[in-house]
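File shown: data-v1.txt. Contents: compact mmCIF, C-alpha atoms and all ligand atoms.
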# COMPACT_ATOMS: atom_id res chain seq x y z
CA MET A 1 12.95 -13.09 25.81
CA ALA A 2 9.45 -11.92 25.02
CA LEU A 3 6.74 -13.81 23.14
CA TYR A 4 4.56 -11.79 20.76
CA ARG A 5 1.15 -12.73 19.36
CA THR A 6 -0.51 -10.66 16.65
CA ARG A 7 -2.37 -10.79 13.36
CA ALA A 8 0.01 -10.13 10.48
CA ILE A 9 0.26 -10.04 6.68
CA VAL A 10 3.24 -11.59 4.90
CA LEU A 11 5.09 -8.94 2.87
CA LYS A 12 7.99 -10.99 1.57
CA SER A 13 9.95 -14.13 2.21
CA ILE A 14 13.53 -14.68 1.07
CA ASN A 15 16.01 -17.56 1.44
CA LEU A 16 18.45 -17.02 4.28
CA SER A 17 20.38 -20.30 4.30
CA GLU A 18 19.91 -23.85 3.04
CA SER A 19 17.12 -24.48 5.49
CA ASP A 20 15.93 -21.09 6.77
CA ARG A 21 13.91 -18.21 5.39
CA LEU A 22 13.77 -14.55 6.37
CA VAL A 23 10.17 -13.33 6.41
CA THR A 24 8.96 -9.72 6.63
CA PHE A 25 5.49 -9.14 8.09
CA LEU A 26 3.24 -6.17 8.62
CA SER A 27 1.79 -6.96 12.03
CA GLU A 28 -1.31 -5.43 13.57
CA ASN A 29 0.23 -4.72 16.98
CA HIS A 30 3.94 -4.14 16.31
CA GLY A 31 4.20 -2.68 12.79
CA LYS A 32 6.72 -4.18 10.38
CA VAL A 33 8.76 -7.07 11.81
CA LYS A 34 11.36 -9.45 10.41
CA CYS A 35 11.56 -13.04 11.58
CA VAL A 36 13.83 -15.98 10.84
CA ALA A 37 11.74 -19.04 10.00
CA LYS A 38 13.97 -21.97 11.00
CA GLY A 39 13.63 -24.98 8.75
CA ALA A 40 11.12 -23.23 6.45
CA ARG A 41 12.98 -24.38 3.32
CA LYS A 42 12.75 -28.07 4.19
CA VAL A 43 10.18 -30.08 2.23
CA LYS A 44 8.21 -30.96 5.34
CA ASN A 45 8.04 -27.92 7.60
CA ARG A 46 5.52 -26.60 10.07
CA PHE A 47 5.13 -23.24 8.29
CA TRP A 48 4.10 -24.85 5.00
CA GLY A 49 1.83 -22.58 2.97
CA SER A 50 1.54 -19.88 5.62
CA LEU A 51 4.50 -17.72 4.50
CA GLU A 52 3.26 -16.86 0.99
CA PRO A 53 3.18 -13.10 0.28
CA MET A 54 -0.21 -11.50 1.09
CA SER A 55 -1.32 -14.30 3.45
CA GLN A 56 -3.03 -13.04 6.57
CA ILE A 57 -1.90 -15.15 9.51
CA HIS A 58 -1.98 -15.38 13.25
CA LEU A 59 1.68 -14.87 14.09
CA ILE A 60 3.64 -15.92 17.18
CA TYR A 61 7.29 -14.90 17.39
CA PHE A 62 9.87 -14.27 20.07
CA GLY A 63 13.08 -12.43 20.82
CA LYS A 64 14.54 -9.62 22.86
CA GLU A 65 12.59 -6.37 22.90
CA ASN A 66 13.39 -3.75 20.22
CA GLN A 67 15.74 -5.91 18.21
CA ASN A 68 15.77 -6.05 14.40
CA LEU A 69 15.35 -9.77 13.94
CA TYR A 70 13.06 -12.22 15.75
CA ARG A 71 12.47 -15.98 15.64
CA LEU A 72 9.24 -17.21 14.10
CA ASN A 73 7.44 -19.62 16.38
CA GLN A 74 4.07 -20.21 14.74
CA ALA A 75 2.12 -18.98 11.69
CA ASP A 76 -1.52 -20.04 11.28
CA ILE A 77 -3.39 -18.96 8.16
CA LEU A 78 -6.46 -16.77 8.71
CA GLU A 79 -6.91 -15.88 5.01
CA SER A 80 -4.58 -17.20 2.33
CA PHE A 81 -5.68 -14.88 -0.54
CA GLN A 82 -4.80 -17.84 -2.77
CA SER A 83 -7.41 -16.77 -5.37
CA VAL A 84 -5.52 -13.45 -5.75
CA ARG A 85 -2.21 -15.26 -6.32
CA ASP A 86 -3.91 -17.57 -8.87
CA ASP A 87 -5.25 -14.65 -10.94
CA PHE A 88 -2.47 -12.99 -12.95
CA GLY A 89 -4.38 -9.72 -13.29
CA LYS A 90 -4.78 -9.48 -9.52
CA LEU A 91 -1.44 -10.95 -8.47
CA TYR A 92 0.71 -8.00 -9.55
CA LYS A 93 -1.65 -5.49 -8.01
CA GLY A 94 -1.36 -7.35 -4.71
CA ILE A 95 2.43 -7.44 -5.06
CA TYR A 96 2.37 -3.68 -5.74
CA PHE A 97 0.40 -3.06 -2.53
CA ILE A 98 2.77 -5.07 -0.35
CA GLU A 99 5.83 -3.60 -2.10
CA LEU A 100 4.62 -0.07 -1.30
CA ILE A 101 4.02 -1.00 2.34
CA ASP A 102 7.45 -2.63 2.61
CA SER A 103 9.17 0.38 0.99
CA MET A 104 7.31 3.20 2.76
CA ILE A 105 6.84 1.83 6.27
CA LEU A 106 9.85 1.65 8.57
CA GLU A 107 10.33 -1.05 11.18
CA GLY A 108 9.11 0.07 14.57
CA HIS A 109 6.44 2.35 13.07
CA GLN A 110 3.26 0.91 14.57
CA ASP A 111 -0.08 2.08 13.16
CA LYS A 112 -3.13 -0.19 13.11
CA ARG A 113 -4.69 2.01 10.41
CA ILE A 114 -1.95 0.95 7.98
CA PHE A 115 -2.52 -2.74 8.80
CA ASN A 116 -6.28 -2.29 8.29
CA LEU A 117 -5.73 -0.41 5.02
CA LEU A 118 -3.64 -3.27 3.62
CA LEU A 119 -5.98 -6.00 4.88
CA GLN A 120 -9.15 -4.33 3.58
CA THR A 121 -7.45 -3.56 0.26
CA LEU A 122 -6.48 -7.24 -0.15
CA PHE A 123 -10.07 -8.31 0.56
CA ALA A 124 -11.32 -5.76 -2.01
CA LEU A 125 -8.73 -7.08 -4.48
CA LYS A 126 -10.08 -10.59 -3.93
CA GLN A 127 -13.72 -9.60 -4.31
CA GLN A 128 -13.81 -6.79 -6.86
CA ALA A 129 -13.39 -6.77 -10.61
CA GLU A 130 -12.76 -3.04 -11.20
CA LEU A 131 -9.34 -2.52 -9.66
CA ASP A 132 -7.83 0.71 -11.02
CA THR A 133 -9.86 2.75 -8.52
CA LEU A 134 -8.60 0.48 -5.73
CA ILE A 135 -4.97 1.14 -6.74
CA ARG A 136 -5.51 4.91 -6.60
CA LEU A 137 -7.35 4.63 -3.28
CA PHE A 138 -4.53 2.59 -1.78
CA GLU A 139 -1.83 5.01 -3.00
CA ILE A 140 -3.54 8.13 -1.70
CA ARG A 141 -4.40 6.60 1.68
CA LEU A 142 -1.00 5.07 2.27
CA LEU A 143 0.61 8.43 1.41
CA SER A 144 -1.73 10.15 3.86
CA LEU A 145 -1.07 7.66 6.68
CA SER A 146 2.68 7.93 6.05
CA GLY A 147 2.59 11.71 6.56
CA TYR A 148 2.51 12.72 2.88
CA LYS A 149 -1.14 13.69 2.53
CA PRO A 150 -1.42 16.14 -0.38
CA GLN A 151 -3.16 19.43 0.39
CA ILE A 152 -6.09 19.69 -2.05
CA ASP A 153 -8.53 21.78 0.01
CA HIS A 154 -6.77 25.14 -0.19
CA CYS A 155 -3.68 26.83 -1.63
CA VAL A 156 -0.67 25.31 0.10
CA VAL A 157 1.08 28.73 0.28
CA CYS A 158 -1.59 31.35 1.13
CA LYS A 159 -4.47 29.07 2.27
CA THR A 160 -6.94 30.64 -0.18
CA VAL A 161 -9.85 28.30 -0.85
CA SER A 162 -10.85 27.93 -4.47
CA GLU A 163 -13.90 25.80 -5.19
CA ASN A 164 -14.04 26.00 -8.95
CA GLY A 165 -11.81 25.83 -11.95
CA ILE A 166 -8.39 24.40 -12.57
CA PHE A 167 -6.06 23.39 -9.75
CA LYS A 168 -2.33 23.72 -10.27
CA PHE A 169 -0.39 21.17 -8.25
CA SER A 170 3.23 21.21 -7.04
CA PHE A 171 4.90 17.92 -6.09
CA ILE A 172 7.57 19.70 -4.04
CA GLN A 173 4.93 21.67 -2.10
CA ASN A 174 2.69 18.56 -2.08
CA GLY A 175 -0.43 20.59 -2.72
CA ILE A 176 -2.48 22.88 -4.93
CA LEU A 177 -1.63 26.54 -5.52
CA CYS A 178 -4.03 29.38 -6.25
CA SER A 179 -3.61 31.38 -9.48
CA ASN A 180 -1.78 34.15 -7.61
CA CYS A 181 0.79 31.93 -5.87
CA SER A 182 1.31 29.75 -8.96
CA ARG A 183 2.87 32.80 -10.69
CA ARG A 184 5.68 32.77 -8.13
CA VAL A 185 5.95 29.05 -7.27
CA ALA A 186 6.55 26.43 -9.97
CA THR A 187 3.78 23.87 -10.45
CA ASP A 188 4.03 20.48 -12.16
CA ILE A 189 0.55 19.49 -13.32
CA GLN A 190 -2.98 20.78 -13.27
CA PHE A 191 -6.33 19.08 -12.83
CA THR A 192 -10.03 19.91 -12.78
CA THR A 193 -12.46 20.30 -9.90
CA GLY A 194 -13.99 16.94 -10.84
CA THR A 195 -10.63 15.21 -10.38
CA ARG A 196 -10.11 16.96 -7.04
CA ASN A 197 -13.53 15.74 -5.89
CA TYR A 198 -12.77 12.15 -6.89
CA ILE A 199 -9.49 12.27 -4.92
CA ARG A 200 -11.47 13.47 -1.88
CA LYS A 201 -13.92 10.62 -2.38
CA LEU A 202 -11.07 8.07 -2.52
CA MET A 203 -9.86 9.33 0.85
CA GLU A 204 -13.27 8.88 2.49
CA VAL A 205 -15.17 5.99 0.87
CA GLU A 206 -15.41 2.57 2.52
CA ILE A 207 -12.79 0.41 0.83
CA LYS A 208 -15.21 -2.45 0.15
CA SER A 209 -17.47 -0.01 -1.75
CA CYS A 210 -14.82 1.67 -3.88
CA GLY A 211 -15.50 -0.62 -6.86
CA ARG A 212 -18.82 1.19 -7.28
CA ILE A 213 -17.13 4.53 -7.99
CA LYS A 214 -16.99 4.96 -11.73
CA ILE A 215 -14.30 7.50 -12.55
CA PRO A 216 -14.33 8.86 -16.14
CA ARG A 217 -11.18 7.92 -18.05
CA HIS A 218 -9.76 11.45 -18.30
CA GLN A 219 -10.14 12.04 -14.58
CA ALA A 220 -8.75 8.60 -13.74
CA GLU A 221 -5.63 9.53 -15.75
CA GLU A 222 -5.32 12.84 -13.91
CA ILE A 223 -5.64 11.09 -10.54
CA GLU A 224 -2.96 8.57 -11.53
CA LYS A 225 -0.64 11.47 -12.45
CA VAL A 226 -1.08 12.88 -8.94
CA THR A 227 -1.04 9.77 -6.76
CA HIS A 228 1.49 7.65 -8.60
CA ARG A 229 3.92 10.54 -9.07
CA LEU A 230 3.64 11.29 -5.34
CA VAL A 231 4.56 7.65 -4.69
CA LEU A 232 7.58 8.07 -6.99
CA SER A 233 8.74 11.26 -5.32
CA HIS A 234 8.49 9.77 -1.83
CA LEU A 235 10.12 6.45 -2.77
CA GLY A 236 12.71 8.06 -5.04
CA ARG A 237 12.20 5.28 -7.62
CA GLU A 238 9.55 3.36 -9.54
CA PRO A 239 8.20 0.39 -7.55
CA LYS A 240 9.43 -2.82 -9.27
CA SER A 241 5.93 -4.26 -9.67
CA TYR A 242 4.30 -1.20 -11.26
CA PRO A 243 5.51 -1.69 -14.87
CA PHE A 244 3.89 -5.18 -14.77
CA ILE A 245 0.52 -3.66 -13.86
CA LYS A 246 0.80 -1.13 -16.69
CA SER A 247 1.85 -3.66 -19.32
CA MET A 248 -0.79 -6.20 -18.25
CA ALA A 249 -3.53 -3.58 -18.47
CA GLN A 250 -3.16 -3.79 -22.26
CA PHE A 251 -4.13 -7.49 -22.30
CA ILE A 252 -6.86 -7.67 -19.68
ZN ZN B 301 -2.14 30.99 -2.85
What is this file in structure tokens?
Ligand SMILES: [Zn+2]
Amino acid sequence: MALYRTRAIVLKSINLSESDRLVTFLSENHGKVKCVAKGARKVKNRFWGSLEPMSQIHLIYFGKENQNLYRLNQADILESFQSVRDDFGKLYKGIYFIELIDSMILEGHQDKRIFNLLLQTLFALKQQAELDTLIRLFEIRLLSLSGYKPQIDHCVVCKTVSENGIFKFSFIQNGILCSNCSRRVATDIQFTTGTRNYIRKLMEVEIKSCGRIKIPRHQAEEIEKVTHRLVLSHLGREPKSYPFIKSMAQFI
């Protein structure tokens, strides 16, 4: 048996039996892990409050190496993100972020950059008011860290660099095509240089500063078409939480 200590973020927590819960974490040191929390459904239990989705905790768990399921030993809250869960407008965005992580990251895939992306995005969600830019930033960076970074610097077929004009984009090729190649290879959407530049900015800007980027509406819509459709094509389905974000946007 090995004992593991790491920072972690709670992705989801489901009932396993009358007294136990099964909790999925994204840990800093060991990637995504699943733990049985014994007694977590009892009214008085030692994990109380620390297994809510999005909570950042200090996690101690144990089990044999390289197994699928571990036993939770201790979970101490470092940041509860309670104010995010209390704010309906923010709650579903946070659920969307952890749903994407849970769907796109396999167990055993360890990458501290993904942990840091989620943690910094949750802090930005807590602190910022303008959140559409944060959603696009999270999508494009998670895609990139998962190996699906779209090629927007040069034609994905012939490598020609085009700095001005309209970019035609293929979801199957996961990149832009020059005017020559786009006659032979089917493209799905097109966007302007301005949109391409904003996507570049979203890949590079400090996450805590992304609320300061003001993206014009038309370009924000073009970016959503690129990043969200890439999410769809890599997941093979619409994330469950996304329709809530879209429908709530009409009321907030
Ligand atoms: Zn080309």
Name the residues in contact with Tyr70 in chain A at a cut-off of 10 Å, using all atoms listed in the file, excluding same-chain residues fewer than 2 positions from it; report them as a PDB file with C-alpha atoms, in the coordinates of the input.
ATOM      1  CA  ALA A   2       9.450 -11.920  25.020  1.00  0.00           C
ATOM      2  CA  LEU A   3       6.740 -13.810  23.140  1.00  0.00           C
ATOM      3  CA  TYR A   4       4.560 -11.790  20.760  1.00  0.00           C
ATOM      4  CA  LEU A  22      13.770 -14.550   6.370  1.00  0.00           C
ATOM      5  CA  VAL A  23      10.170 -13.330   6.410  1.00  0.00           C
ATOM      6  CA  VAL A  33       8.760  -7.070  11.810  1.00  0.00           C
ATOM      7  CA  LYS A  34      11.360  -9.450  10.410  1.00  0.00           C
ATOM      8  CA  CYS A  35      11.560 -13.040  11.580  1.00  0.00           C
ATOM      9  CA  VAL A  36      13.830 -15.980  10.840  1.00  0.00           C
ATOM     10  CA  ALA A  37      11.740 -19.040  10.000  1.00  0.00           C
ATOM     11  CA  TYR A  61       7.290 -14.900  17.390  1.00  0.00           C
ATOM     12  CA  PHE A  62       9.870 -14.270  20.070  1.00  0.00           C
ATOM     13  CA  GLY A  63      13.080 -12.430  20.820  1.00  0.00           C
ATOM     14  CA  LYS A  64      14.540  -9.620  22.860  1.00  0.00           C
ATOM     15  CA  GLU A  65      12.590  -6.370  22.900  1.00  0.00           C
ATOM     16  CA  ASN A  66      13.390  -3.750  20.220  1.00  0.00           C
ATOM     17  CA  GLN A  67      15.740  -5.910  18.210  1.00  0.00           C
ATOM     18  CA  ASN A  68      15.770  -6.050  14.400  1.00  0.00           C
ATOM     19  CA  LEU A  72       9.240 -17.210  14.100  1.00  0.00           C
ATOM     20  CA  ASN A  73       7.440 -19.620  16.380  1.00  0.00           C
TER      21      ASN A  73
END
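Residues with any atom within 7 Å of Leu11 in chain A, counting only C-alpha atoms and excluding same-chain neighbours fewer than 4 positions away, are Thr24, Phe25, Leu26, Pro53, Met54, Ile98 and Asp102 of chain A.
For the set A:Val226, A:Leu118, A:Gly194, A:Asp86, the residue with the smallest atom-to-atom gap to Gln151 in chain A is A:Val226, counting only C-alpha atoms.
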Practice task
Please check which residues have atoms at most 12 Å from (-1.2, 11.5, 2.8) in the file's coordinates, counting all atoms listed in the file, and write them as a PyMOL selection string.
Solution key: chain A and resi 104+114+137-152+174-175+199-200+202-203+226-227+230-231+234
Exercise for the section: Would you mind reading off the distance between CA of Phe115 in chain A and CA of His30 in chain A, one decimal, in Å? Expected result: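 A separation of 10.0 Å between them.
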Practice task
Choose the residue, out of A:Cys155, A:Ile172, A:Ile166, A:Ala186, that has the smallest atom-to-atom separation from ligand ZN 301 (chain B); count all atoms listed in the file.
Solution key: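 Going through A:Cys155, A:Ile172, A:Ile166, A:Ala186 one by one, the smallest distance to ligand ZN 301 (chain B) is for A:Cys155.
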Problem - Nearby residues (all atoms listed in the file) at most 9 Å from Asp20 in chain A, same-chain spacing under 6 positions excluded, as a list in words - result: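 Here the answer would be Ile14, Val36, Ala37, Lys38, Gly39, Ala40, Arg41 and Lys42 of chain A.
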Problem - Minimum-distance residue to Ile95 in chain A, chosen among A:Glu52, A:Leu117, A:Asn197, A:Thr160 (using all atoms listed in the file) - result: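 Counting all atoms listed in the file, the residue closest to Ile95 in chain A is A:Glu52.
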Practice task
Around ligand ZN 301 (chain B), at most 8 Å away and counting all atoms listed in the file, which residues are there? Put them as a count of residues only, please.
Solution key: 13
Handout entry: Pick from A:Val205, A:Ile135, A:Val185, A:Ile176 nearest to Ala220 in chain A, counting all atoms listed in the file
Key = A:Ile135
Handout entry: Contacts of range 124-129 of chain A within 6 Å, all atoms listed in the file, excl. fewer than 3 positions in-chain, as a ChimeraX atom specification
Key = /A:84,121,208
Exercise for the section: Work out how far apart CA of Ala249 in chain A and CA of Arg237 in chain A are and give it in Å to one decimal. Expected result: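 Rounded to one decimal, the two atoms are 21.1 Å apart.
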Practice task
Could you give me, as a list in words, the residues within 10 Å of Glu163 in chain A, counting all atoms listed in the file and dropping anything in the same chain fewer than 6 positions from it?
Solution key: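 In the requested form, the answer reads Asp153, His154, Thr193 and Arg196 of chain A.
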With C-alpha atoms retained, export the selected residues as a PDB file, in the coordinates of the input.
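So result-v3.pdb came out as:
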ATOM      1  CA  ASP A 153      -8.530  21.780   0.010  1.00  0.00           C
ATOM      2  CA  HIS A 154      -6.770  25.140  -0.190  1.00  0.00           C
ATOM      3  CA  THR A 193     -12.460  20.300  -9.900  1.00  0.00           C
ATOM      4  CA  ARG A 196     -10.110  16.960  -7.040  1.00  0.00           C
TER       5      ARG A 196
END
Practice task
Mind giving me the straight-line distance from CA of Glu222 in chain A to CA of Thr192 in chain A in Å, one decimal?
Solution key: 8.6 Å
Exercise for the section: Between A:Ser162, A:Thr133, A:Gln74, A:Ser27, single out the one closest to Gln110 in chain A, counting all atoms listed in the file. Expected result: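 Looking at the shortest contact to Gln110 in chain A, the residue is A:Ser27.
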